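Novice: mmCIF, C-alpha atoms, saved as entry_18.cif, coming up:
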data_coords
loop_
_atom_site.group_PDB
_atom_site.id
_atom_site.type_symbol
_atom_site.label_atom_id
_atom_site.label_comp_id
_atom_site.auth_asym_id
_atom_site.auth_seq_id
_atom_site.Cartn_x
_atom_site.Cartn_y
_atom_site.Cartn_z
ATOM 1 C CA MET A 1 -89.020 34.915 -31.873
ATOM 2 C CA SER A 2 -85.828 36.663 -32.966
ATOM 3 C CA THR A 3 -82.758 34.880 -34.295
ATOM 4 C CA SER A 4 -80.658 35.754 -31.256
ATOM 5 C CA THR A 5 -83.326 34.376 -28.923
ATOM 6 C CA GLN A 6 -83.447 31.116 -30.879
ATOM 7 C CA VAL A 7 -79.662 30.766 -30.729
ATOM 8 C CA SER A 8 -79.566 31.412 -26.975
ATOM 9 C CA ALA A 9 -82.368 28.892 -26.442
ATOM 10 C CA ARG A 10 -80.423 26.234 -28.296
ATOM 11 C CA ARG A 11 -77.113 26.806 -26.524
ATOM 12 C CA PRO A 12 -77.866 24.936 -23.323
ATOM 13 C CA ARG A 13 -79.097 21.963 -25.338
ATOM 14 C CA ARG A 14 -75.914 21.874 -27.407
ATOM 15 C CA ALA A 15 -73.745 22.285 -24.309
ATOM 16 C CA ALA A 16 -75.364 19.272 -22.734
ATOM 17 C CA HIS A 17 -74.391 17.098 -25.717
ATOM 18 C CA ASP A 18 -71.166 18.691 -26.871
ATOM 19 C CA GLY A 19 -69.189 15.519 -26.125
ATOM 20 C CA SER A 20 -66.759 17.219 -23.747
ATOM 21 C CA PRO A 21 -64.083 14.991 -22.157
ATOM 22 C CA GLN A 22 -65.729 15.357 -18.753
ATOM 23 C CA GLU A 23 -68.923 13.698 -19.991
ATOM 24 C CA ARG A 24 -67.442 10.879 -22.054
ATOM 25 C CA PRO A 25 -67.234 7.599 -20.143
ATOM 26 C CA ASN A 26 -63.750 6.123 -20.080
ATOM 27 C CA TRP A 27 -64.473 2.522 -21.085
ATOM 28 C CA VAL A 28 -60.934 1.358 -20.448
ATOM 29 C CA LEU A 29 -61.032 2.485 -16.822
ATOM 30 C CA THR A 30 -64.558 1.150 -16.398
ATOM 31 C CA VAL A 31 -63.601 -2.300 -17.667
ATOM 32 C CA ALA A 32 -60.452 -2.288 -15.532
ATOM 33 C CA ALA A 33 -62.501 -1.394 -12.452
ATOM 34 C CA LEU A 34 -64.978 -4.201 -13.184
ATOM 35 C CA VAL A 35 -62.129 -6.693 -13.597
ATOM 36 C CA ILE A 36 -60.621 -5.632 -10.269
ATOM 37 C CA VAL A 37 -63.999 -5.890 -8.521
ATOM 38 C CA ALA A 38 -64.565 -9.355 -10.009
ATOM 39 C CA TYR A 39 -61.070 -10.412 -8.940
ATOM 40 C CA PHE A 40 -61.762 -9.523 -5.313
ATOM 41 C CA LEU A 41 -65.360 -10.766 -5.211
ATOM 42 C CA PHE A 42 -64.688 -14.118 -6.902
ATOM 43 C CA PRO A 43 -63.056 -15.777 -3.823
ATOM 44 C CA LEU A 44 -65.832 -14.402 -1.607
ATOM 45 C CA TRP A 45 -68.484 -15.806 -3.942
ATOM 46 C CA TRP A 46 -66.765 -19.210 -3.920
ATOM 47 C CA LEU A 47 -66.565 -19.121 -0.117
ATOM 48 C CA VAL A 48 -70.273 -18.329 0.232
ATOM 49 C CA VAL A 49 -71.263 -21.081 -2.221
ATOM 50 C CA ALA A 50 -68.918 -23.679 -0.710
ATOM 51 C CA SER A 51 -70.153 -22.995 2.827
ATOM 52 C CA THR A 52 -73.636 -24.195 1.807
ATOM 53 C CA LYS A 53 -72.423 -27.631 0.692
ATOM 54 C CA SER A 54 -71.832 -30.870 2.512
ATOM 55 C CA ASN A 55 -68.438 -32.551 2.406
ATOM 56 C CA SER A 56 -69.491 -34.767 -0.478
ATOM 57 C CA GLY A 57 -71.013 -31.810 -2.309
ATOM 58 C CA LEU A 58 -67.693 -29.972 -2.200
ATOM 59 C CA PHE A 59 -66.146 -32.564 -4.509
ATOM 60 C CA THR A 60 -69.113 -33.651 -6.632
ATOM 61 C CA SER A 61 -70.978 -30.433 -7.516
ATOM 62 C CA SER A 62 -69.896 -27.355 -9.420
ATOM 63 C CA GLY A 63 -67.568 -25.173 -7.389
ATOM 64 C CA LEU A 64 -69.206 -21.915 -8.476
ATOM 65 C CA TRP A 65 -72.860 -22.772 -7.890
ATOM 66 C CA PHE A 66 -74.998 -24.148 -5.117
ATOM 67 C CA ALA A 67 -75.588 -27.874 -4.700
ATOM 68 C CA ASN A 68 -79.042 -29.435 -4.607
ATOM 69 C CA HIS A 69 -78.828 -29.901 -0.854
ATOM 70 C CA PHE A 70 -78.507 -26.657 1.144
ATOM 71 C CA ASN A 71 -76.273 -27.572 4.085
ATOM 72 C CA PHE A 72 -75.251 -24.161 5.416
ATOM 73 C CA PHE A 73 -77.078 -24.251 8.747
ATOM 74 C CA GLN A 74 -75.830 -27.757 9.464
ATOM 75 C CA ASN A 75 -72.273 -26.621 8.715
ATOM 76 C CA LEU A 76 -72.752 -23.571 10.920
ATOM 77 C CA ARG A 77 -73.966 -25.703 13.817
ATOM 78 C CA THR A 78 -71.011 -28.054 13.397
ATOM 79 C CA VAL A 79 -68.545 -25.132 13.404
ATOM 80 C CA PHE A 80 -69.738 -23.904 16.803
ATOM 81 C CA THR A 81 -70.030 -27.363 18.385
ATOM 82 C CA TYR A 82 -67.022 -29.232 16.984
ATOM 83 C CA ASP A 83 -64.298 -30.088 19.513
ATOM 84 C CA HIS A 84 -66.378 -28.801 22.452
ATOM 85 C CA GLY A 85 -67.011 -25.426 20.820
ATOM 86 C CA VAL A 86 -63.377 -24.374 20.535
ATOM 87 C CA PHE A 87 -64.277 -22.102 17.603
ATOM 88 C CA LEU A 88 -66.031 -19.710 20.003
ATOM 89 C CA LEU A 89 -62.881 -19.625 22.131
ATOM 90 C CA TRP A 90 -60.767 -18.771 19.095
ATOM 91 C CA LEU A 91 -63.274 -16.108 18.077
ATOM 92 C CA ARG A 92 -63.113 -14.550 21.540
ATOM 93 C CA ASN A 93 -59.308 -14.523 21.406
ATOM 94 C CA THR A 94 -59.300 -12.918 17.956
ATOM 95 C CA VAL A 95 -61.698 -10.186 19.041
ATOM 96 C CA MET A 96 -59.590 -9.494 22.142
ATOM 97 C CA TYR A 97 -56.321 -9.339 20.197
ATOM 98 C CA ALA A 98 -57.765 -7.183 17.419
ATOM 99 C CA VAL A 99 -59.662 -4.695 19.593
ATOM 100 C CA VAL A 100 -56.913 -4.145 22.181
ATOM 101 C CA ALA A 101 -54.100 -4.011 19.616
ATOM 102 C CA SER A 102 -55.926 -1.770 17.130
ATOM 103 C CA ALA A 103 -57.134 0.704 19.767
ATOM 104 C CA GLY A 104 -53.709 0.865 21.418
ATOM 105 C CA SER A 105 -51.904 1.152 18.096
ATOM 106 C CA ALA A 106 -54.229 3.907 16.884
ATOM 107 C CA LEU A 107 -53.705 5.896 20.096
ATOM 108 C CA LEU A 108 -49.912 5.506 20.016
ATOM 109 C CA SER A 109 -49.742 6.325 16.299
ATOM 110 C CA THR A 110 -51.914 9.403 16.780
ATOM 111 C CA ALA A 111 -49.807 10.672 19.665
ATOM 112 C CA ALA A 112 -46.547 10.038 17.790
ATOM 113 C CA GLY A 113 -47.829 11.558 14.560
ATOM 114 C CA TYR A 114 -49.103 14.641 16.389
ATOM 115 C CA SER A 115 -45.757 15.006 18.157
ATOM 116 C CA LEU A 116 -43.779 14.756 14.919
ATOM 117 C CA ALA A 117 -46.054 17.185 13.100
ATOM 118 C CA LYS A 118 -46.726 19.892 15.674
ATOM 119 C CA LEU A 119 -44.041 19.819 18.353
ATOM 120 C CA ARG A 120 -40.503 21.131 17.948
ATOM 121 C CA TYR A 121 -37.656 19.192 19.565
ATOM 122 C CA ARG A 122 -34.168 18.010 18.707
ATOM 123 C CA GLY A 123 -33.931 14.806 16.656
ATOM 124 C CA ARG A 124 -37.498 14.968 15.379
ATOM 125 C CA GLU A 125 -36.552 14.496 11.726
ATOM 126 C CA VAL A 126 -34.149 11.677 12.588
ATOM 127 C CA ILE A 127 -36.905 9.853 14.444
ATOM 128 C CA PHE A 128 -39.259 10.302 11.507
ATOM 129 C CA SER A 129 -36.622 8.966 9.107
ATOM 130 C CA VAL A 130 -36.171 5.882 11.290
ATOM 131 C CA ILE A 131 -39.946 5.341 11.264
ATOM 132 C CA LEU A 132 -40.005 5.608 7.478
ATOM 133 C CA GLY A 133 -37.228 3.037 7.292
ATOM 134 C CA ALA A 134 -39.155 0.716 9.627
ATOM 135 C CA ILE A 135 -42.042 0.672 7.153
ATOM 136 C CA MET A 136 -39.763 -1.087 4.660
ATOM 137 C CA VAL A 137 -38.866 -3.915 7.059
ATOM 138 C CA PRO A 138 -41.181 -6.947 6.623
ATOM 139 C CA MET A 139 -42.766 -8.217 9.805
ATOM 140 C CA THR A 140 -41.662 -11.778 9.067
ATOM 141 C CA ALA A 141 -38.027 -10.644 9.356
ATOM 142 C CA LEU A 142 -38.716 -9.503 12.926
ATOM 143 C CA ALA A 143 -40.671 -12.589 13.991
ATOM 144 C CA ILE A 144 -37.747 -14.681 15.254
ATOM 145 C CA PRO A 145 -35.980 -11.819 17.121
ATOM 146 C CA THR A 146 -39.330 -10.899 18.657
ATOM 147 C CA TYR A 147 -39.870 -14.483 19.773
ATOM 148 C CA LEU A 148 -36.423 -14.656 21.391
ATOM 149 C CA LEU A 149 -37.017 -11.351 23.180
ATOM 150 C CA PHE A 150 -40.425 -12.407 24.506
ATOM 151 C CA ALA A 151 -39.028 -15.798 25.531
ATOM 152 C CA LYS A 152 -36.457 -13.991 27.708
ATOM 153 C CA LEU A 153 -39.280 -11.972 29.273
ATOM 154 C CA GLY A 154 -41.405 -15.073 29.864
ATOM 155 C CA LEU A 155 -44.292 -13.781 27.733
ATOM 156 C CA VAL A 156 -44.353 -16.543 25.116
ATOM 157 C CA ASN A 157 -47.646 -18.463 24.969
ATOM 158 C CA THR A 158 -49.545 -15.562 26.539
ATOM 159 C CA PRO A 159 -51.898 -13.022 24.921
ATOM 160 C CA TRP A 160 -49.279 -10.290 25.434
ATOM 161 C CA ALA A 161 -46.997 -12.012 22.932
ATOM 162 C CA VAL A 162 -49.559 -11.191 20.230
ATOM 163 C CA ILE A 163 -50.865 -7.853 21.520
ATOM 164 C CA ILE A 164 -47.634 -5.988 22.333
ATOM 165 C CA PRO A 165 -45.938 -6.376 18.894
ATOM 166 C CA SER A 166 -49.218 -5.355 17.244
ATOM 167 C CA LEU A 167 -49.249 -2.050 19.149
ATOM 168 C CA VAL A 168 -46.420 -0.712 16.993
ATOM 169 C CA SER A 169 -47.408 0.522 13.530
ATOM 170 C CA PRO A 170 -44.784 2.579 11.647
ATOM 171 C CA PHE A 171 -47.203 3.152 8.782
ATOM 172 C CA GLY A 172 -49.822 4.383 11.242
ATOM 173 C CA VAL A 173 -47.345 6.917 12.662
ATOM 174 C CA TYR A 174 -46.491 8.101 9.144
ATOM 175 C CA LEU A 175 -50.166 8.418 8.215
ATOM 176 C CA MET A 176 -51.001 10.392 11.348
ATOM 177 C CA ARG A 177 -47.993 12.665 10.908
ATOM 178 C CA VAL A 178 -49.167 13.595 7.405
ATOM 179 C CA TYR A 179 -52.758 13.995 8.598
ATOM 180 C CA ALA A 180 -51.934 16.082 11.669
ATOM 181 C CA ALA A 181 -49.774 18.483 9.660
ATOM 182 C CA ASP A 182 -52.876 19.961 7.960
ATOM 183 C CA ALA A 183 -55.699 18.944 10.287
ATOM 184 C CA ILE A 184 -54.634 21.101 13.245
ATOM 185 C CA ASP A 185 -54.061 24.826 13.047
ATOM 186 C CA ARG A 186 -50.949 25.829 14.975
ATOM 187 C CA SER A 187 -52.634 29.043 16.177
ATOM 188 C CA LEU A 188 -55.222 26.902 17.978
ATOM 189 C CA LEU A 189 -52.460 25.149 19.894
ATOM 190 C CA GLU A 190 -50.773 28.428 20.743
ATOM 191 C CA SER A 191 -54.051 29.831 22.077
ATOM 192 C CA ALA A 192 -54.456 26.794 24.306
ATOM 193 C CA ARG A 193 -50.904 27.221 25.638
ATOM 194 C CA VAL A 194 -51.525 30.904 26.341
ATOM 195 C CA ASP A 195 -54.601 29.889 28.350
ATOM 196 C CA GLY A 196 -52.374 27.679 30.497
ATOM 197 C CA ALA A 197 -53.214 24.241 29.075
ATOM 198 C CA GLY A 198 -50.509 21.617 29.327
ATOM 199 C CA GLU A 199 -49.359 19.528 26.375
ATOM 200 C CA ALA A 200 -51.225 16.430 27.579
ATOM 201 C CA ALA A 201 -54.453 18.389 27.992
ATOM 202 C CA ILE A 202 -54.023 19.965 24.547
ATOM 203 C CA PHE A 203 -53.572 16.567 22.948
ATOM 204 C CA PHE A 204 -56.459 14.769 24.641
ATOM 205 C CA ARG A 205 -58.959 17.655 24.715
ATOM 206 C CA ILE A 206 -58.237 19.398 21.409
ATOM 207 C CA ALA A 207 -55.921 17.526 19.052
ATOM 208 C CA LEU A 208 -57.414 14.065 19.510
ATOM 209 C CA ARG A 209 -60.870 15.309 18.551
ATOM 210 C CA LEU A 210 -59.566 16.983 15.407
ATOM 211 C CA LEU A 211 -57.599 13.849 14.512
ATOM 212 C CA ALA A 212 -60.584 11.515 14.956
ATOM 213 C CA PRO A 213 -60.921 10.583 11.233
ATOM 214 C CA GLY A 214 -57.236 9.693 11.016
ATOM 215 C CA PHE A 215 -57.453 7.833 14.325
ATOM 216 C CA VAL A 216 -60.300 5.671 13.005
ATOM 217 C CA THR A 217 -58.408 5.050 9.766
ATOM 218 C CA VAL A 218 -55.358 3.721 11.612
ATOM 219 C CA LEU A 219 -57.612 1.742 13.933
ATOM 220 C CA LEU A 220 -59.308 0.078 10.966
ATOM 221 C CA PHE A 221 -56.021 -0.749 9.237
ATOM 222 C CA GLN A 222 -54.574 -2.258 12.404
ATOM 223 C CA LEU A 223 -57.813 -4.082 13.173
ATOM 224 C CA VAL A 224 -57.638 -5.853 9.820
ATOM 225 C CA ALA A 225 -53.905 -6.557 10.179
ATOM 226 C CA THR A 226 -54.271 -8.048 13.666
ATOM 227 C CA TRP A 227 -57.423 -9.992 12.806
ATOM 228 C CA ASN A 228 -55.710 -11.617 9.811
ATOM 229 C CA ASN A 229 -52.331 -12.077 11.501
ATOM 230 C CA TYR A 230 -51.196 -15.673 11.216
ATOM 231 C CA PHE A 231 -47.413 -15.933 11.449
ATOM 232 C CA LEU A 232 -46.917 -14.071 14.735
ATOM 233 C CA PRO A 233 -49.499 -16.099 16.740
ATOM 234 C CA LEU A 234 -48.210 -19.272 15.098
ATOM 235 C CA ILE A 235 -44.714 -18.878 16.504
ATOM 236 C CA MET A 236 -45.735 -17.238 19.790
ATOM 237 C CA LEU A 237 -48.533 -19.557 20.904
ATOM 238 C CA SER A 238 -48.466 -23.276 21.555
ATOM 239 C CA ASN A 239 -51.553 -23.552 23.755
ATOM 240 C CA GLN A 240 -54.739 -24.074 21.754
ATOM 241 C CA THR A 241 -56.757 -22.059 24.262
ATOM 242 C CA TRP A 242 -54.954 -18.861 23.127
ATOM 243 C CA TYR A 243 -55.152 -19.481 19.366
ATOM 244 C CA PRO A 244 -56.802 -16.859 17.159
ATOM 245 C CA LEU A 245 -59.089 -17.913 14.320
ATOM 246 C CA THR A 246 -56.316 -17.862 11.725
ATOM 247 C CA VAL A 247 -54.153 -20.400 13.549
ATOM 248 C CA GLY A 248 -57.099 -22.499 14.731
ATOM 249 C CA LEU A 249 -58.637 -22.833 11.258
ATOM 250 C CA ALA A 250 -55.213 -23.652 9.814
ATOM 251 C CA GLN A 251 -54.874 -26.409 12.405
ATOM 252 C CA TRP A 252 -58.248 -27.834 11.379
ATOM 253 C CA GLN A 253 -57.221 -27.629 7.741
ATOM 254 C CA ALA A 254 -53.979 -29.497 8.434
ATOM 255 C CA THR A 255 -55.886 -32.195 10.328
ATOM 256 C CA GLY A 256 -58.331 -32.560 7.448
ATOM 257 C CA ALA A 257 -55.526 -32.784 4.904
ATOM 258 C CA SER A 258 -53.830 -35.518 6.906
ATOM 259 C CA GLY A 259 -56.648 -37.906 6.021
ATOM 260 C CA GLY A 260 -57.151 -39.336 9.489
ATOM 261 C CA SER A 261 -60.360 -40.741 10.908
ATOM 262 C CA GLY A 262 -63.177 -38.197 10.799
ATOM 263 C CA SER A 263 -61.011 -35.684 8.965
ATOM 264 C CA GLN A 264 -63.395 -35.413 6.013
ATOM 265 C CA VAL A 265 -65.901 -33.378 8.019
ATOM 266 C CA LEU A 266 -63.265 -30.695 8.630
ATOM 267 C CA PHE A 267 -63.287 -29.460 5.030
ATOM 268 C CA SER A 268 -66.809 -28.060 5.224
ATOM 269 C CA ILE A 269 -66.426 -26.576 8.704
ATOM 270 C CA VAL A 270 -63.107 -24.925 7.801
ATOM 271 C CA ILE A 271 -64.812 -23.231 4.845
ATOM 272 C CA THR A 272 -67.853 -22.210 6.882
ATOM 273 C CA GLY A 273 -65.644 -21.058 9.746
ATOM 274 C CA SER A 274 -63.635 -18.932 7.319
ATOM 275 C CA LEU A 275 -66.849 -17.270 6.148
ATOM 276 C CA VAL A 276 -67.913 -16.569 9.733
ATOM 277 C CA SER A 277 -64.475 -15.171 10.551
ATOM 278 C CA ILE A 278 -64.675 -12.412 7.923
ATOM 279 C CA LEU A 279 -68.147 -11.180 8.889
ATOM 280 C CA PRO A 280 -66.929 -8.997 11.818
ATOM 281 C CA LEU A 281 -64.429 -7.294 9.509
ATOM 282 C CA MET A 282 -67.163 -6.588 6.963
ATOM 283 C CA VAL A 283 -69.299 -5.038 9.711
ATOM 284 C CA ALA A 284 -66.337 -2.931 10.892
ATOM 285 C CA PHE A 285 -65.752 -1.621 7.367
ATOM 286 C CA LEU A 286 -69.411 -0.722 6.929
ATOM 287 C CA VAL A 287 -69.596 1.068 10.273
ATOM 288 C CA LEU A 288 -66.273 2.924 9.968
ATOM 289 C CA GLN A 289 -66.310 3.512 6.203
ATOM 290 C CA ARG A 290 -67.067 7.226 6.291
ATOM 291 C CA TYR A 291 -64.281 7.889 8.807
ATOM 292 C CA TRP A 292 -61.895 5.716 6.828
ATOM 293 C CA GLN A 293 -62.535 7.532 3.540
ATOM 294 C CA SER A 294 -62.212 10.998 5.064
ATOM 295 C CA GLY A 295 -59.021 9.945 6.841
ATOM 296 C CA LEU A 296 -57.430 8.729 3.610
ATOM 297 C CA ALA A 297 -58.261 11.957 1.810
ATOM 298 C CA ALA A 298 -57.001 14.231 4.570
ATOM 299 C CA GLY A 299 -53.625 15.771 3.985
ATOM 300 C CA SER A 300 -53.795 15.311 0.218
ATOM 301 C CA VAL A 301 -55.237 18.786 -0.429
ATOM 302 C CA LYS A 302 -54.213 22.007 1.252
ATOM 303 C CA GLN A 303 -57.117 23.958 2.700
#
For this file, produce the structure as structure tokens.

Specialist:
Amino acid sequence: MSTSTQVSARRPRRAAHDGSPQERPNWVLTVAALVIVAYFLFPLWWLVVASTKSNSGLFTSSGLWFANHFNFFQNLRTVFTYDHGVFLLWLRNTVMYAVVASAGSALLSTAAGYSLAKLRYRGREVIFSVILGAIMVPMTALAIPTYLLFAKLGLVNTPWAVIIPSLVSPFGVYLMRVYAADAIDRSLLESARVDGAGEAAIFFRIALRLLAPGFVTVLLFQLVATWNNYFLPLIMLSNQTWYPLTVGLAQWQATGASGGSGSQVLFSIVITGSLVSILPLMVAFLVLQRYWQSGLAAGSVKQ
């Protein structure tokens, strides 16, 4: 074998171990990522472990490991039967609020974002600036004015008092405006107009399909926000039959902390109920994950 052939045969082997920056693992970033993962998984691990313990086991055994007596199924049965099964009622309310509000918010945000990105009309940039400013306003600052407004309309202590405010998502409009700017080719819209399609038909038949990943992303964000919403239902609802899980579990927790008769049992069912309450969100993330990831990435790179 000639010298040149030997050199060329060795080159790929050297290139594979040349220690280029692309192949070196960044240990600082790896450790930071592991710390962040542990930070978010630690409360979940504690919740899973605590939900398997009896009330006495919560205070006598180690908080980070299972007790000798596995009490999860007993706790689960108590959660769904306590107080005439009111937990199922709260779960139904939460699902209703989250599904209706997230679907409506995603549709409104998609329509508004498409309008701001692809339609030309006077005041468009002013409207977008107002929406950007609305993102900076905390929802808690609007809670009392919203309550007073809904009290005038007679909607307090009804499901609409939770659903209607959740339909508005300034961040969702911003996200869909950025996404629609690159996801829809303007020539496609012009072709549809030349063929005689109206703006409503163009949006629902063409644009909405192209904006599906962004639509699902906004839907998922709003689903989580509505599912975990506590302050708005707390001030809007006084009837227990309309409580979501967040307010209902907080009420159980307050009763247990008061130390009244039979309050000790509430500690274990509040923990187990909290675990049950996050399972639908975990399923939603797993099902919609691919749409969510593609929606986040859209608009960041020009095609």

Novice: Starting from the displayed file, determine the output of the PyMOL selection byres ((chain A and resi 87-90) around 9) and express the residue list as a PyMOL selection string.

Specialist: chain A and resi 79-86+91-95+240-249+273

Novice: How would the residues just picked look written out with C-alpha atoms as an mmCIF file, keeping the file's coordinate frame?

Specialist:
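Result saved to part_16.cif:
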data_model
loop_
_atom_site.group_PDB
_atom_site.id
_atom_site.type_symbol
_atom_site.label_atom_id
_atom_site.label_comp_id
_atom_site.auth_asym_id
_atom_site.auth_seq_id
_atom_site.Cartn_x
_atom_site.Cartn_y
_atom_site.Cartn_z
ATOM 1 C CA VAL A 79 -68.545 -25.132 13.404
ATOM 2 C CA PHE A 80 -69.738 -23.904 16.803
ATOM 3 C CA THR A 81 -70.030 -27.363 18.385
ATOM 4 C CA TYR A 82 -67.022 -29.232 16.984
ATOM 5 C CA ASP A 83 -64.298 -30.088 19.513
ATOM 6 C CA HIS A 84 -66.378 -28.801 22.452
ATOM 7 C CA GLY A 85 -67.011 -25.426 20.820
ATOM 8 C CA VAL A 86 -63.377 -24.374 20.535
ATOM 9 C CA LEU A 91 -63.274 -16.108 18.077
ATOM 10 C CA ARG A 92 -63.113 -14.550 21.540
ATOM 11 C CA ASN A 93 -59.308 -14.523 21.406
ATOM 12 C CA THR A 94 -59.300 -12.918 17.956
ATOM 13 C CA VAL A 95 -61.698 -10.186 19.041
ATOM 14 C CA GLN A 240 -54.739 -24.074 21.754
ATOM 15 C CA THR A 241 -56.757 -22.059 24.262
ATOM 16 C CA TRP A 242 -54.954 -18.861 23.127
ATOM 17 C CA TYR A 243 -55.152 -19.481 19.366
ATOM 18 C CA PRO A 244 -56.802 -16.859 17.159
ATOM 19 C CA LEU A 245 -59.089 -17.913 14.320
ATOM 20 C CA THR A 246 -56.316 -17.862 11.725
ATOM 21 C CA VAL A 247 -54.153 -20.400 13.549
ATOM 22 C CA GLY A 248 -57.099 -22.499 14.731
ATOM 23 C CA LEU A 249 -58.637 -22.833 11.258
ATOM 24 C CA GLY A 273 -65.644 -21.058 9.746
#

Novice: Starting from the shown file, work through the PyMOL selection byres ((chain A and resi 111-124) around 8) and note down what comes out as a list in words.

Specialist: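 For this structure, the PyMOL selection byres ((chain A and resi 111-124) around 8) captures Leu107, Leu108, Ser109, Thr110, Glu125, Val126, Ile127, Phe128, Val173, Tyr174, Leu175, Met176, Arg177, Val178, Ala180, Ala181, Arg186, Phe203 and Ala207 of chain A.
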
Novice: Applied to this file, what does the PyMOL selection byres ((chain A and resi 54-69) around 9) return in terms of residues, put as a list in words?

Specialist: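 After applying the PyMOL selection byres ((chain A and resi 54-69) around 9), what remains is Trp45, Trp46, Val49, Ala50, Ser51, Thr52, Lys53, Phe70, Asn71, Phe72, Gln74, Asn75, Gln264, Val265, Leu266, Phe267, Ser268 and Ile269 of chain A.
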
Novice: Counting all atoms listed in the file, what is within 8 Å of Phe171 in chain A, bar same-chain residues fewer than 6 positions away, as a list in words?

Specialist: Ile131, Leu132 and Ile135 of chain A

Novice: Rounded to one decimal in Å, what is the spacing between CA of Ala106 in chain A and CA of Leu167 in chain A?

Specialist: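 Straight-line distance from CA of Ala106 in chain A to CA of Leu167 in chain A works out to 8.1 Å.
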
Novice: Just the number, please: distance in Å from CA of Tyr97 in chain A to CA of Thr226 in chain A, one decimal.

Specialist: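 These atoms are spaced 7.0 Å apart.
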
Novice: Which one is closest to Phe215 in chain A: A:Val48, A:Ala183, A:Ile278, A:Ile36? Count all atoms listed in the file.

Specialist: A:Ala183

Novice: May I ask for the distance between CA of Ser277 in chain A and CA of Val216 in chain A, given in Å to one decimal place?

Specialist: 21.4 Å

Novice: Quick one: residues within 7 Å of range 218-220 of chain A, only C-alpha atoms counted, chain neighbours fewer than 2 positions away excluded, as a CSV table (one decimal) with C-alpha atoms, in the coordinates of the input?

Specialist:
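Ended up saving to selection-v1.csv:
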chain,number,residue,atom,x,y,z
A,102,SER,CA,-55.9,-1.8,17.1
A,103,ALA,CA,-57.1,0.7,19.8
A,106,ALA,CA,-54.2,3.9,16.9
A,172,GLY,CA,-49.8,4.4,11.2
A,214,GLY,CA,-57.2,9.7,11.0
A,215,PHE,CA,-57.5,7.8,14.3
A,216,VAL,CA,-60.3,5.7,13.0
A,222,GLN,CA,-54.6,-2.3,12.4
A,223,LEU,CA,-57.8,-4.1,13.2
A,224,VAL,CA,-57.6,-5.9,9.8

Novice: Looking at all atoms listed in the file, which of A:Ile202, A:Leu208, A:Gly133, A:Met236 is the one that sits closest to Leu149 in chain A?

Specialist: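 Smallest distance to Leu149 in chain A is found for A:Met236.
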